[in-house]
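Have a look at protein39.txt below; it lists compact mmCIF, C-alpha atoms.
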```txt
# COMPACT_ATOMS: atom_id res chain seq x y z
CA MET N 73 149.00 -78.26 -67.73
CA LEU N 74 145.36 -77.99 -66.60
CA ILE N 75 142.93 -80.36 -68.24
CA LEU N 76 139.22 -79.62 -67.79
CA ILE N 77 136.89 -82.52 -68.41
CA VAL N 78 133.12 -82.05 -68.55
CA GLY N 79 131.18 -85.24 -67.95
CA SER N 80 132.37 -87.84 -65.48
CA GLY N 81 130.95 -90.86 -67.25
CA ARG N 82 132.90 -93.89 -68.44
CA VAL N 83 134.95 -91.91 -70.92
CA GLY N 84 135.41 -88.68 -68.96
CA SER N 85 136.35 -90.33 -65.66
CA ALA N 86 138.81 -92.77 -67.25
CA VAL N 87 140.54 -90.00 -69.20
CA ALA N 88 140.64 -87.91 -66.00
CA GLN N 89 142.36 -90.72 -64.08
CA ARG N 90 144.92 -91.25 -66.81
CA ALA N 91 145.64 -87.54 -67.07
CA LEU N 92 146.16 -87.28 -63.32
CA ASP N 93 148.44 -90.33 -63.36
CA ALA N 94 150.42 -88.66 -66.11
CA GLY N 95 151.09 -85.77 -63.75
CA HIS N 96 148.69 -83.12 -65.06
CA ASP N 97 146.29 -80.90 -63.12
CA VAL N 98 142.82 -82.25 -63.76
CA SER N 99 139.46 -80.65 -63.06
CA VAL N 100 136.22 -82.55 -63.65
CA LEU N 101 132.76 -80.95 -63.98
CA ASP N 102 129.55 -82.96 -63.83
CA SER N 103 125.97 -82.08 -62.92
CA ASP N 104 125.55 -85.33 -60.98
CA PRO N 105 127.37 -85.40 -57.58
CA LEU N 106 127.26 -89.22 -57.61
CA SER N 107 129.37 -89.32 -60.75
CA HIS N 108 132.32 -88.54 -58.48
CA GLU N 109 132.36 -92.24 -57.52
CA ARG N 110 133.73 -93.16 -60.91
CA LEU N 111 136.81 -91.03 -60.23
CA ASP N 112 137.59 -93.00 -57.04
CA LYS N 113 136.99 -96.37 -58.65
CA ASP N 114 139.97 -98.78 -58.49
CA GLN N 115 142.11 -96.08 -56.85
CA THR N 116 143.96 -96.36 -53.55
CA THR N 117 143.18 -92.75 -52.54
CA THR N 118 140.22 -90.48 -53.16
CA TRP N 119 140.20 -88.29 -56.27
CA GLU N 120 140.85 -85.15 -54.22
CA ASP N 121 143.65 -86.74 -52.18
CA ALA N 122 145.27 -87.77 -55.42
CA GLY N 123 145.21 -84.07 -56.41
CA GLY N 124 142.14 -83.98 -58.64
CA ARG N 125 139.40 -81.35 -58.66
CA PHE N 126 135.69 -82.03 -58.93
CA THR N 127 132.92 -79.47 -59.40
CA VAL N 128 129.19 -80.12 -59.44
CA GLY N 129 127.46 -78.00 -62.05
CA THR N 130 125.92 -77.68 -65.49
CA ALA N 131 128.40 -76.81 -68.21
CA LEU N 132 126.02 -74.41 -69.96
CA GLU N 133 126.20 -72.25 -66.84
CA ILE N 134 129.20 -69.98 -67.24
CA ASP N 135 129.64 -69.78 -63.46
CA ALA N 136 130.12 -73.54 -63.29
CA LEU N 137 132.76 -73.45 -66.03
CA LEU N 138 134.56 -70.61 -64.23
CA GLU N 139 134.47 -72.47 -60.93
CA ALA N 140 135.91 -75.53 -62.64
CA GLY N 141 138.80 -73.37 -63.84
CA ILE N 142 138.10 -72.93 -67.55
CA GLU N 143 140.01 -69.63 -67.70
CA ASP N 144 143.24 -71.45 -66.85
CA ALA N 145 142.54 -74.62 -68.83
CA ASP N 146 145.02 -75.68 -71.51
CA VAL N 147 142.87 -78.56 -72.69
CA PHE N 148 139.08 -78.92 -72.64
CA LEU N 149 137.30 -82.25 -73.12
CA ALA N 150 133.52 -82.30 -73.60
CA ALA N 151 132.51 -85.83 -72.72
CA THR N 152 128.92 -85.73 -71.47
CA SER N 153 126.46 -88.30 -72.79
CA GLY N 154 124.79 -85.71 -75.04
CA ASP N 155 126.24 -84.81 -78.44
CA ASN N 156 124.41 -81.52 -78.55
CA THR N 157 125.55 -80.43 -75.11
CA ASN N 158 129.12 -81.43 -75.98
CA LEU N 159 129.13 -79.48 -79.25
CA VAL N 160 127.76 -76.32 -77.65
CA ILE N 161 130.07 -76.31 -74.61
CA ALA N 162 133.10 -77.17 -76.75
CA GLN N 163 132.41 -74.11 -78.90
CA ILE N 164 131.96 -71.99 -75.78
CA ALA N 165 135.37 -73.20 -74.58
CA GLN N 166 136.93 -72.49 -77.96
CA ARG N 167 135.36 -69.15 -78.84
CA ARG N 168 134.62 -67.51 -75.50
CA PHE N 169 137.42 -68.80 -73.31
CA LYS N 170 139.99 -69.41 -76.07
CA VAL N 171 141.07 -72.73 -74.60
CA PRO N 172 144.04 -73.74 -76.79
CA LYS N 173 142.98 -77.35 -77.31
CA VAL N 174 139.32 -78.38 -77.37
CA VAL N 175 138.31 -82.01 -77.74
CA VAL N 176 134.69 -83.07 -78.10
CA ARG N 177 133.01 -86.43 -77.97
CA VAL N 178 130.38 -86.76 -80.72
CA ALA N 179 128.58 -90.08 -81.09
CA ASP N 180 127.03 -89.10 -84.43
CA PRO N 181 129.74 -89.76 -87.07
CA ALA N 182 128.26 -87.36 -89.63
CA ARG N 183 128.41 -84.37 -87.31
CA SER N 184 131.70 -85.52 -85.87
CA SER N 185 133.32 -85.14 -89.27
CA TRP N 186 131.61 -81.86 -90.11
CA TYR N 187 132.56 -80.20 -86.83
CA ALA N 188 136.11 -81.51 -87.26
CA GLU N 189 136.21 -79.54 -90.51
CA GLN N 190 135.14 -76.48 -88.50
CA GLY N 191 138.21 -76.70 -86.27
CA LEU N 192 137.12 -78.82 -83.33
CA ILE N 193 138.99 -81.99 -82.41
CA THR N 194 136.23 -84.57 -82.47
CA VAL N 195 136.23 -88.12 -81.15
CA SER N 196 133.42 -90.37 -82.31
CA PRO N 197 132.98 -93.59 -80.31
CA THR N 198 130.44 -94.73 -82.90
CA GLN N 199 132.89 -94.25 -85.74
CA VAL N 200 135.55 -96.15 -83.80
CA ALA N 201 133.06 -99.00 -83.20
CA ILE N 202 132.06 -99.03 -86.89
CA ASP N 203 135.69 -99.17 -87.99
CA GLN N 204 136.67 -101.87 -85.50
CA ALA N 205 133.61 -104.03 -86.07
CA SER N 206 133.92 -103.75 -89.84
CA GLU N 207 137.54 -104.76 -89.69
CA VAL N 208 136.82 -107.84 -87.58
CA VAL N 209 133.72 -108.83 -89.56
CA LEU N 210 135.36 -108.43 -92.94
CA SER N 211 138.58 -110.20 -91.96
CA ALA N 212 136.67 -113.34 -90.95
CA MET Z 6 109.08 -69.83 -99.81
CA TYR Z 7 110.10 -73.11 -98.17
CA VAL Z 8 110.25 -73.25 -94.37
CA ILE Z 9 111.62 -76.03 -92.16
CA ILE Z 10 110.48 -76.01 -88.55
CA ALA Z 11 112.23 -78.19 -85.97
CA GLY Z 12 110.08 -79.15 -83.00
CA ALA Z 13 106.33 -79.81 -83.16
CA GLY Z 14 105.46 -78.53 -79.72
CA LYS Z 15 102.79 -75.87 -79.27
CA VAL Z 16 104.97 -73.23 -80.88
CA GLY Z 17 106.13 -75.32 -83.82
CA TRP Z 18 102.73 -76.82 -84.59
CA ASN Z 19 100.95 -73.48 -84.52
CA LEU Z 20 103.65 -71.83 -86.60
CA ALA Z 21 103.33 -74.60 -89.18
CA ARG Z 22 99.55 -74.18 -89.25
CA GLU Z 23 99.81 -70.42 -89.74
CA LEU Z 24 102.40 -70.69 -92.50
CA ILE Z 25 100.47 -73.42 -94.32
CA SER Z 26 97.31 -71.31 -94.16
CA LYS Z 27 99.33 -68.56 -95.86
CA ASP Z 28 100.28 -71.00 -98.64
CA ARG Z 29 103.88 -71.44 -97.57
CA GLU Z 30 105.52 -74.78 -98.10
CA VAL Z 31 106.38 -76.17 -94.68
CA THR Z 32 108.11 -79.23 -93.26
CA LEU Z 33 107.82 -79.76 -89.54
CA ILE Z 34 110.27 -82.17 -87.87
CA GLU Z 35 109.44 -83.91 -84.59
CA SER Z 36 111.63 -86.41 -82.73
CA ASP Z 37 109.03 -87.77 -80.31
CA HIS Z 38 107.11 -90.54 -82.06
CA ALA Z 39 103.89 -90.22 -80.08
CA ARG Z 40 103.81 -86.48 -80.68
CA TYR Z 41 104.61 -87.00 -84.35
CA ARG Z 42 101.59 -89.33 -84.74
CA VAL Z 43 99.27 -86.76 -83.18
CA VAL Z 44 100.51 -83.91 -85.37
CA GLU Z 45 100.56 -86.09 -88.48
CA GLU Z 46 96.79 -86.68 -88.13
CA GLU Z 47 96.35 -83.03 -89.01
CA LEU Z 48 99.37 -81.98 -91.05
CA GLU Z 49 99.91 -85.30 -92.88
CA HIS Z 50 102.96 -85.16 -95.17
CA ALA Z 51 104.02 -81.74 -93.85
CA VAL Z 52 105.44 -83.35 -90.71
CA GLN Z 53 108.38 -85.75 -90.65
CA TYR Z 54 109.59 -87.98 -87.84
CA GLY Z 55 113.22 -87.61 -86.81
CA ASP Z 56 115.86 -85.76 -84.80
CA ALA Z 57 116.48 -82.46 -86.53
CA THR Z 58 119.96 -82.19 -85.04
CA GLU Z 59 121.00 -85.08 -87.31
CA LEU Z 60 122.24 -84.04 -90.72
CA TRP Z 61 120.46 -86.76 -92.68
CA VAL Z 62 117.13 -85.76 -91.15
CA LEU Z 63 117.64 -82.18 -92.29
CA GLU Z 64 118.74 -83.38 -95.71
CA ARG Z 65 115.70 -85.63 -96.03
CA ALA Z 66 113.59 -82.55 -95.33
CA GLY Z 67 115.35 -80.80 -98.22
CA ILE Z 68 117.41 -78.31 -96.24
CA PRO Z 69 119.55 -77.14 -99.20
CA ARG Z 70 116.51 -75.44 -100.72
CA ALA Z 71 115.06 -74.07 -97.45
CA ASP Z 72 114.61 -70.30 -97.36
CA LEU Z 73 114.04 -70.25 -93.63
CA VAL Z 74 114.86 -72.65 -90.79
CA ILE Z 75 113.09 -72.20 -87.47
CA ALA Z 76 114.30 -74.17 -84.44
CA VAL Z 77 111.70 -74.20 -81.68
CA THR Z 78 112.39 -77.39 -79.75
CA GLY Z 79 112.34 -77.32 -75.95
CA ASP Z 80 116.10 -77.78 -75.84
CA ASP Z 81 118.42 -74.81 -76.28
CA GLU Z 82 121.45 -76.85 -77.35
CA ASP Z 83 119.37 -78.48 -80.07
CA ASN Z 84 118.06 -75.13 -81.29
CA ILE Z 85 121.57 -73.66 -81.39
CA LEU Z 86 123.03 -76.56 -83.35
CA ILE Z 87 120.13 -76.91 -85.81
CA CYS Z 88 120.46 -73.25 -86.73
CA GLN Z 89 124.25 -73.30 -86.79
CA VAL Z 90 124.30 -76.24 -89.17
CA ALA Z 91 121.50 -74.77 -91.32
CA LYS Z 92 123.43 -71.54 -91.71
CA GLU Z 93 127.04 -72.67 -91.88
CA LYS Z 94 126.79 -76.08 -93.56
CA TYR Z 95 123.78 -75.63 -95.82
CA GLY Z 96 123.99 -71.88 -96.42
CA CYS Z 97 120.46 -71.13 -95.27
CA GLN Z 98 120.18 -67.34 -95.26
CA ARG Z 99 117.48 -66.96 -92.65
CA ILE Z 100 117.23 -68.72 -89.33
CA VAL Z 101 115.16 -68.15 -86.22
CA ALA Z 102 115.85 -69.88 -82.92
CA ARG Z 103 113.80 -70.15 -79.79
CA VAL Z 104 115.55 -69.53 -76.47
CA ASN Z 105 113.97 -71.58 -73.69
CA ASN Z 106 116.20 -70.37 -70.87
CA PRO Z 107 117.09 -66.66 -71.19
CA ARG Z 108 120.42 -67.37 -69.50
CA ASN Z 109 121.40 -69.28 -72.63
CA LEU Z 110 120.87 -66.28 -74.91
CA GLN Z 111 124.59 -65.45 -74.66
CA HIS Z 112 125.43 -68.86 -76.16
CA PHE Z 113 123.12 -68.28 -79.14
CA ARG Z 114 124.90 -64.96 -79.76
CA LEU Z 115 128.37 -66.43 -79.33
CA LEU Z 116 127.67 -69.09 -81.96
CA GLY Z 117 126.10 -66.65 -84.40
CA VAL Z 118 122.56 -67.91 -84.02
CA GLN Z 119 120.47 -64.78 -84.55
CA PRO Z 120 117.71 -63.84 -84.21
CA ALA Z 121 117.10 -65.79 -81.04
CA VAL Z 122 113.64 -65.33 -79.60
CA SER Z 123 112.97 -65.75 -75.91
CA ALA Z 124 109.34 -65.88 -74.78
CA THR Z 125 110.41 -64.73 -71.33
CA ASP Z 126 112.12 -61.68 -72.79
CA LEU Z 127 109.18 -60.87 -75.04
CA ILE Z 128 106.76 -60.99 -72.13
CA LEU Z 129 109.10 -58.81 -70.05
CA ARG Z 130 109.20 -56.29 -72.90
CA LEU Z 131 105.41 -56.28 -73.06
CA ILE Z 132 105.21 -55.71 -69.32
CA GLU Z 133 107.68 -52.83 -69.60
CA HIS Z 134 105.61 -51.45 -72.45
CA GLU Z 135 102.47 -51.54 -70.32
CA VAL Z 136 104.20 -50.38 -67.15
CA PRO Z 137 107.06 -48.11 -68.20
CA GLU Z 138 108.68 -48.05 -64.81
CA TYR Z 139 111.94 -46.62 -66.07
CA GLY Z 140 110.58 -44.12 -68.56
CA LEU Z 141 112.41 -45.90 -71.36
CA VAL Z 142 111.41 -49.10 -73.10
CA GLN Z 143 113.50 -50.91 -75.65
CA LEU Z 144 111.06 -52.03 -78.32
CA LEU Z 145 113.31 -53.60 -80.90
CA SER Z 146 116.97 -54.32 -81.23
CA LEU Z 147 118.43 -55.03 -84.68
CA GLU Z 148 121.80 -56.29 -83.57
CA ASP Z 149 123.34 -57.02 -86.94
CA GLU Z 150 122.23 -53.63 -88.25
CA HIS Z 151 123.34 -51.80 -85.06
CA LEU Z 152 120.04 -50.05 -84.63
CA GLU Z 153 117.43 -50.04 -81.96
CA ILE Z 154 114.02 -48.57 -81.43
CA ILE Z 155 113.11 -47.25 -78.00
CA GLU Z 156 110.07 -45.66 -76.47
CA VAL Z 157 110.36 -42.83 -73.96
CA GLU Z 158 107.68 -41.05 -72.04
CA VAL Z 159 107.71 -37.26 -72.20
CA GLY Z 160 107.87 -36.06 -68.62
CA GLU Z 161 106.04 -32.99 -67.29
CA GLY Z 162 108.39 -30.02 -67.43
CA SER Z 163 110.99 -31.90 -69.47
CA GLN Z 164 113.05 -30.13 -72.10
CA ALA Z 165 111.16 -31.90 -74.89
CA ALA Z 166 107.69 -31.10 -73.55
CA GLY Z 167 106.26 -28.19 -75.54
CA SER Z 168 109.17 -28.23 -78.00
CA ARG Z 169 108.96 -28.77 -81.72
CA VAL Z 170 110.51 -32.09 -82.83
CA GLN Z 171 113.23 -30.24 -84.75
CA ASP Z 172 114.20 -28.28 -81.62
CA VAL Z 173 114.73 -31.26 -79.32
CA PRO Z 174 118.51 -31.57 -78.95
CA LEU Z 175 119.32 -35.15 -79.87
CA PRO Z 176 122.71 -36.71 -80.56
CA ASP Z 177 123.71 -37.62 -84.11
CA GLY Z 178 122.56 -41.13 -84.88
CA SER Z 179 119.12 -40.75 -83.36
CA LEU Z 180 115.78 -39.74 -84.81
CA ILE Z 181 112.21 -39.33 -83.54
CA ILE Z 182 110.06 -41.54 -85.76
CA SER Z 183 106.67 -41.57 -84.08
CA VAL Z 184 104.61 -39.92 -81.35
CA LEU Z 185 101.91 -41.80 -79.46
CA ARG Z 186 99.23 -39.59 -77.93
CA GLY Z 187 95.86 -40.50 -76.46
CA GLY Z 188 96.01 -44.05 -77.75
CA ALA Z 189 96.88 -43.10 -81.33
CA GLY Z 190 100.22 -42.69 -83.03
CA PHE Z 191 101.43 -40.40 -85.80
CA VAL Z 192 104.63 -39.72 -87.67
CA PRO Z 193 105.65 -36.19 -86.68
CA LYS Z 194 107.09 -33.47 -88.88
CA GLY Z 195 109.88 -31.18 -87.75
CA GLU Z 196 107.37 -28.57 -86.59
CA SER Z 197 105.11 -31.02 -84.69
CA VAL Z 198 104.97 -30.10 -81.03
CA ILE Z 199 105.67 -32.71 -78.38
CA GLU Z 200 103.38 -32.65 -75.37
CA PRO Z 201 103.94 -33.90 -71.84
CA GLY Z 202 102.55 -37.43 -71.47
CA ASP Z 203 103.31 -38.35 -75.10
CA GLN Z 204 105.18 -41.55 -75.81
CA VAL Z 205 107.94 -40.90 -78.31
CA LEU Z 206 109.53 -43.61 -80.43
CA LEU Z 207 113.11 -43.10 -81.52
CA ILE Z 208 115.44 -45.05 -83.73
CA LEU Z 209 119.08 -44.82 -82.70
CA ASP Z 210 122.54 -46.31 -82.63
CA PRO Z 211 122.83 -48.53 -79.55
CA GLY Z 212 124.47 -46.79 -76.63
CA LEU Z 213 122.94 -43.35 -77.17
CA GLU Z 214 120.09 -43.89 -74.69
CA SER Z 215 121.82 -42.07 -71.87
CA GLN Z 216 122.18 -38.95 -74.03
CA ILE Z 217 118.53 -39.08 -75.06
CA THR Z 218 116.57 -39.77 -71.88
CA PRO Z 219 117.54 -36.48 -70.14
CA GLN Z 220 115.59 -34.44 -72.76
CA PHE Z 221 112.44 -36.33 -71.83
CA ALA Z 222 112.87 -36.64 -68.08
CA PRO Z 223 110.53 -34.63 -65.81
CA ASN Z 224 112.05 -31.26 -64.82
CA GLY Z 225 115.29 -32.24 -66.44
CA ALA Z 226 115.97 -34.83 -63.73
CA GLY Z 227 116.96 -37.78 -65.82
CA PRO Z 228 116.36 -41.31 -64.64
CA SER Z 229 119.67 -42.90 -63.79
CA GLY Z 230 119.16 -45.53 -66.44
CA HIS Z 231 117.02 -48.55 -66.98
CA GLY Z 232 117.27 -52.17 -65.86
```
Just give me the structure as structure tokens.
Amino acid sequence: MLILIVGSGRVGSAVAQRALDAGHDVSVLDSDPLSHERLDKDQTTTWEDAGGRFTVGTALEIDALLEAGIEDADVFLAATSGDNTNLVIAQIAQRRFKVPKVVVRVADPARSSWYAEQGLITVSPTQVAIDQASEVVLSA
Amino acid sequence: MYVIIAGAGKVGWNLARELISKDREVTLIESDHARYRVVEEELEHAVQYGDATELWVLERAGIPRADLVIAVTGDDEDNILICQVAKEKYGCQRIVARVNNPRNLQHFRLLGVQPAVSATDLILRLIEHEVPEYGLVQLLSLEDEHLEIIEVEVGEGSQAAGSRVQDVPLPDGSLIISVLRGGAGFVPKGESVIEPGDQVLLILDPGLESQITPQFAPNGAGPSGHG
């Protein structure tokens, strides 16, 4: 199974490492070449030696998505720091490239829930933080 | 008519001014606070501070009753999402989006954000109109309606030159709607005669261009296409 992850930040890189450990093919796309460092962090080998792929490019550029292997991807994760970029590229993955499973990180809880109703799998770190913090605060 | 404009840059601010001067009700939304303060000096309550990609900001601006939503921020992703949400979540019938990078136009189309206006494209069209290098200029494309309007120059010795409009062999789904001659235009009748050097406007189903240009090409030698 090929997993394509756009955005090699804290979330994207950690999910990429886990997916590779779990035995999947993993391709990571990020516009910042230095973000590659996160993929090597705490690992005994480099990302590439461990079997991972890394492409430098902007996800709105179709060529970059193609180079990162979107046509063969079974799962697409949009995990850049920008909600709006994530929502646009996730829909490109879903509608244009028909990636079977599209997951998108959306900080804004309101849009996270609306786009979930539209058929995207959304993950909202803010909503998770709200739920966890509320639980702890209210149980005190 | 109530219009919401996202983005108070040069385009958004001037649009708001024009619409207000025509007695339209307008709300302009700007996410940069310094810019908002400048624009607010002039437009007062017609401008609101906030990020128009956030639902509550659109709702505060009264999006459910908006007749038209125009997204003209400097960010294509923002413009796509503002219009998508306006149309699909709030049922706004009319949207207009600005394309900053023409390479992103395909994404606007894919996500159903139409019409999408690209300044680069408009200027290219104007240049083609002034310098019709290819003999054929696409003036307007109504994608949802599957119609387009093109302009062709009548070449010397072409089949159309000297013919009456009704005698020019054109494919079904195309029609000559105007003739421009000597700086003026007129709507021709069937018996109007087309002269070499005229510019002819046609309305047609997209894809018929290649069957039309040969009638207007000099000495029947059609240009191989355009673009």
> atom CA of Tyr95 of chain Z and atom CA of Glu64 of chain Z, how far apart in Å?
Replying inline: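 These atoms are spaced 9.2 Å apart.
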Residue hits in chain Z, query chain N, radius 9 Å, all atoms listed in the file, as a PDB file with C-alpha atoms, in the coordinates of the input:
```
ATOM      1  CA  THR Z  58     119.960 -82.190 -85.040  1.00  0.00           C
ATOM      2  CA  GLU Z  59     121.000 -85.080 -87.310  1.00  0.00           C
ATOM      3  CA  LEU Z  60     122.240 -84.040 -90.720  1.00  0.00           C
ATOM      4  CA  TRP Z  61     120.460 -86.760 -92.680  1.00  0.00           C
ATOM      5  CA  GLU Z  82     121.450 -76.850 -77.350  1.00  0.00           C
ATOM      6  CA  ASP Z  83     119.370 -78.480 -80.070  1.00  0.00           C
ATOM      7  CA  ILE Z  85     121.570 -73.660 -81.390  1.00  0.00           C
ATOM      8  CA  LEU Z  86     123.030 -76.560 -83.350  1.00  0.00           C
ATOM      9  CA  LYS Z  94     126.790 -76.080 -93.560  1.00  0.00           C
ATOM     10  CA  ARG Z 108     120.420 -67.370 -69.500  1.00  0.00           C
ATOM     11  CA  ASN Z 109     121.400 -69.280 -72.630  1.00  0.00           C
ATOM     12  CA  HIS Z 112     125.430 -68.860 -76.160  1.00  0.00           C
ATOM     13  CA  LEU Z 115     128.370 -66.430 -79.330  1.00  0.00           C
ATOM     14  CA  LEU Z 116     127.670 -69.090 -81.960  1.00  0.00           C
TER      15      LEU Z 116
END
```
Mind working out the centre and edge lengths of an axis-aligned box for segment 116-126 of chain Z, all listed atoms inside, 6 Å added to each side, rounded to one decimal in Å and written as AutoDock Vina command-line options?
```
--center_x 118.5 --center_y -65.4 --center_z -77.9 --size_x 30.3 --size_y 19.4 --size_z 25.2
```
Leaving out Ala102 of chain Z and any residue of its chain fewer than 3 positions from it, which residues lie within 8 Å of it when counting only C-alpha atoms, given as a CSV table (one decimal) with C-alpha atoms, in the coordinates of the input?
```
chain,number,residue,atom,x,y,z
Z,75,ILE,CA,113.1,-72.2,-87.5
Z,76,ALA,CA,114.3,-74.2,-84.4
Z,77,VAL,CA,111.7,-74.2,-81.7
Z,84,ASN,CA,118.1,-75.1,-81.3
Z,85,ILE,CA,121.6,-73.7,-81.4
Z,88,CYS,CA,120.5,-73.2,-86.7
Z,118,VAL,CA,122.6,-67.9,-84.0
Z,119,GLN,CA,120.5,-64.8,-84.6
Z,120,PRO,CA,117.7,-63.8,-84.2
Z,121,ALA,CA,117.1,-65.8,-81.0
Z,122,VAL,CA,113.6,-65.3,-79.6
```
>> Report, in Å to a single decimal, how far apart atom CA of Gln204 of chain Z and atom CA of Gly178 of chain Z are.
In response: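 Computing it gives 19.6 Å between the two atoms.
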>> Set the distance at 12 Å and use all atoms listed in the file: which residues neighbour Thr152 of chain N once local chain neighbours fewer than 6 positions away are removed? I'd like the list as number ranges by chain.
In response: N: 77-85, 100-104, 107, 130-132, 158-162, 175-179
>> Just want the 12 Å neighbourhood of Phe221 of chain Z, counted on only C-alpha atoms, with same-chain residues fewer than 3 positions away dropped. Output as a count of residues only.
In response: 39
>> Env of Arg40 of chain Z: 9 Å cut, atoms = only C-alpha atoms, seq-sep filter 5 positions within chain, self excluded. Answer as a list in words.
In response: Ala13, Gly14, Glu35 and Glu45 of chain Z
>> Report as a ChimeraX atom specification all protein, DNA and RNA residues lying within 12 Å of Pro69 of chain Z, evaluated on only C-alpha atoms, omitting residues in the same chain fewer than 5 positions from it.
In response: /Z:7-9,60-61,63-64,74,90-98
> atom CA of Gln115 of chain N and atom CA of Ala145 of chain N are how many Å apart?
Replying inline: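 Atom-to-atom, atom CA of Gln115 of chain N to atom CA of Ala145 of chain N, that is 24.6 Å.
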Got a minute to add N, CA and C atoms to segment 189-209 of chain Z and dump it as a PDB file, keeping the file's coordinate frame?
```
ATOM      1  N   ALA Z 189      96.613 -43.034 -79.894  1.00  0.00           N
ATOM      2  CA  ALA Z 189      96.880 -43.100 -81.330  1.00  0.00           C
ATOM      3  C   ALA Z 189      98.312 -42.638 -81.591  1.00  0.00           C
ATOM      4  N   GLY Z 190      98.864 -43.087 -82.700  1.00  0.00           N
ATOM      5  CA  GLY Z 190     100.220 -42.690 -83.030  1.00  0.00           C
ATOM      6  C   GLY Z 190     100.258 -41.933 -84.352  1.00  0.00           C
ATOM      7  N   PHE Z 191     101.235 -41.059 -84.500  1.00  0.00           N
ATOM      8  CA  PHE Z 191     101.430 -40.400 -85.800  1.00  0.00           C
ATOM      9  C   PHE Z 191     102.919 -40.186 -86.039  1.00  0.00           C
ATOM     10  N   VAL Z 192     103.242 -40.004 -87.309  1.00  0.00           N
ATOM     11  CA  VAL Z 192     104.630 -39.720 -87.670  1.00  0.00           C
ATOM     12  C   VAL Z 192     104.786 -38.211 -87.702  1.00  0.00           C
ATOM     13  N   PRO Z 193     105.595 -37.643 -86.802  1.00  0.00           N
ATOM     14  CA  PRO Z 193     105.650 -36.190 -86.680  1.00  0.00           C
ATOM     15  C   PRO Z 193     106.492 -35.540 -87.773  1.00  0.00           C
ATOM     16  N   LYS Z 194     106.212 -34.276 -88.036  1.00  0.00           N
ATOM     17  CA  LYS Z 194     107.090 -33.470 -88.880  1.00  0.00           C
ATOM     18  C   LYS Z 194     108.000 -32.668 -87.958  1.00  0.00           C
ATOM     19  N   GLY Z 195     108.943 -31.961 -88.561  1.00  0.00           N
ATOM     20  CA  GLY Z 195     109.880 -31.180 -87.750  1.00  0.00           C
ATOM     21  C   GLY Z 195     109.171 -30.171 -86.868  1.00  0.00           C
ATOM     22  N   GLU Z 196     108.036 -29.622 -87.379  1.00  0.00           N
ATOM     23  CA  GLU Z 196     107.370 -28.570 -86.590  1.00  0.00           C
ATOM     24  C   GLU Z 196     106.308 -29.116 -85.641  1.00  0.00           C
ATOM     25  N   SER Z 197     106.083 -30.459 -85.636  1.00  0.00           N
ATOM     26  CA  SER Z 197     105.110 -31.020 -84.690  1.00  0.00           C
ATOM     27  C   SER Z 197     105.575 -30.749 -83.263  1.00  0.00           C
ATOM     28  N   VAL Z 198     104.623 -30.419 -82.416  1.00  0.00           N
ATOM     29  CA  VAL Z 198     104.970 -30.100 -81.030  1.00  0.00           C
ATOM     30  C   VAL Z 198     104.747 -31.308 -80.132  1.00  0.00           C
ATOM     31  N   ILE Z 199     105.752 -31.591 -79.319  1.00  0.00           N
ATOM     32  CA  ILE Z 199     105.670 -32.710 -78.380  1.00  0.00           C
ATOM     33  C   ILE Z 199     105.019 -32.227 -77.088  1.00  0.00           C
ATOM     34  N   GLU Z 200     104.084 -33.042 -76.590  1.00  0.00           N
ATOM     35  CA  GLU Z 200     103.380 -32.650 -75.370  1.00  0.00           C
ATOM     36  C   GLU Z 200     103.761 -33.565 -74.209  1.00  0.00           C
ATOM     37  N   PRO Z 201     103.679 -33.035 -72.989  1.00  0.00           N
ATOM     38  CA  PRO Z 201     103.940 -33.900 -71.840  1.00  0.00           C
ATOM     39  C   PRO Z 201     102.957 -35.069 -71.830  1.00  0.00           C
ATOM     40  N   GLY Z 202     103.415 -36.243 -71.486  1.00  0.00           N
ATOM     41  CA  GLY Z 202     102.550 -37.430 -71.470  1.00  0.00           C
ATOM     42  C   GLY Z 202     102.607 -38.215 -72.771  1.00  0.00           C
ATOM     43  N   ASP Z 203     103.138 -37.608 -73.843  1.00  0.00           N
ATOM     44  CA  ASP Z 203     103.310 -38.350 -75.100  1.00  0.00           C
ATOM     45  C   ASP Z 203     104.304 -39.502 -74.886  1.00  0.00           C
ATOM     46  N   GLN Z 204     104.133 -40.533 -75.687  1.00  0.00           N
ATOM     47  CA  GLN Z 204     105.180 -41.550 -75.810  1.00  0.00           C
ATOM     48  C   GLN Z 204     105.876 -41.288 -77.133  1.00  0.00           C
ATOM     49  N   VAL Z 205     107.185 -41.197 -77.091  1.00  0.00           N
ATOM     50  CA  VAL Z 205     107.940 -40.900 -78.310  1.00  0.00           C
ATOM     51  C   VAL Z 205     108.776 -42.117 -78.680  1.00  0.00           C
ATOM     52  N   LEU Z 206     108.689 -42.513 -79.951  1.00  0.00           N
ATOM     53  CA  LEU Z 206     109.530 -43.610 -80.430  1.00  0.00           C
ATOM     54  C   LEU Z 206     110.726 -43.030 -81.162  1.00  0.00           C
ATOM     55  N   LEU Z 207     111.895 -43.544 -80.836  1.00  0.00           N
ATOM     56  CA  LEU Z 207     113.110 -43.100 -81.520  1.00  0.00           C
ATOM     57  C   LEU Z 207     113.862 -44.292 -82.084  1.00  0.00           C
ATOM     58  N   ILE Z 208     114.502 -44.057 -83.208  1.00  0.00           N
ATOM     59  CA  ILE Z 208     115.440 -45.050 -83.730  1.00  0.00           C
ATOM     60  C   ILE Z 208     116.841 -44.494 -83.496  1.00  0.00           C
ATOM     61  N   LEU Z 209     117.769 -45.354 -83.078  1.00  0.00           N
ATOM     62  CA  LEU Z 209     119.080 -44.820 -82.700  1.00  0.00           C
ATOM     63  C   LEU Z 209     120.180 -45.884 -82.775  1.00  0.00           C
TER      64      LEU Z 209
END
```
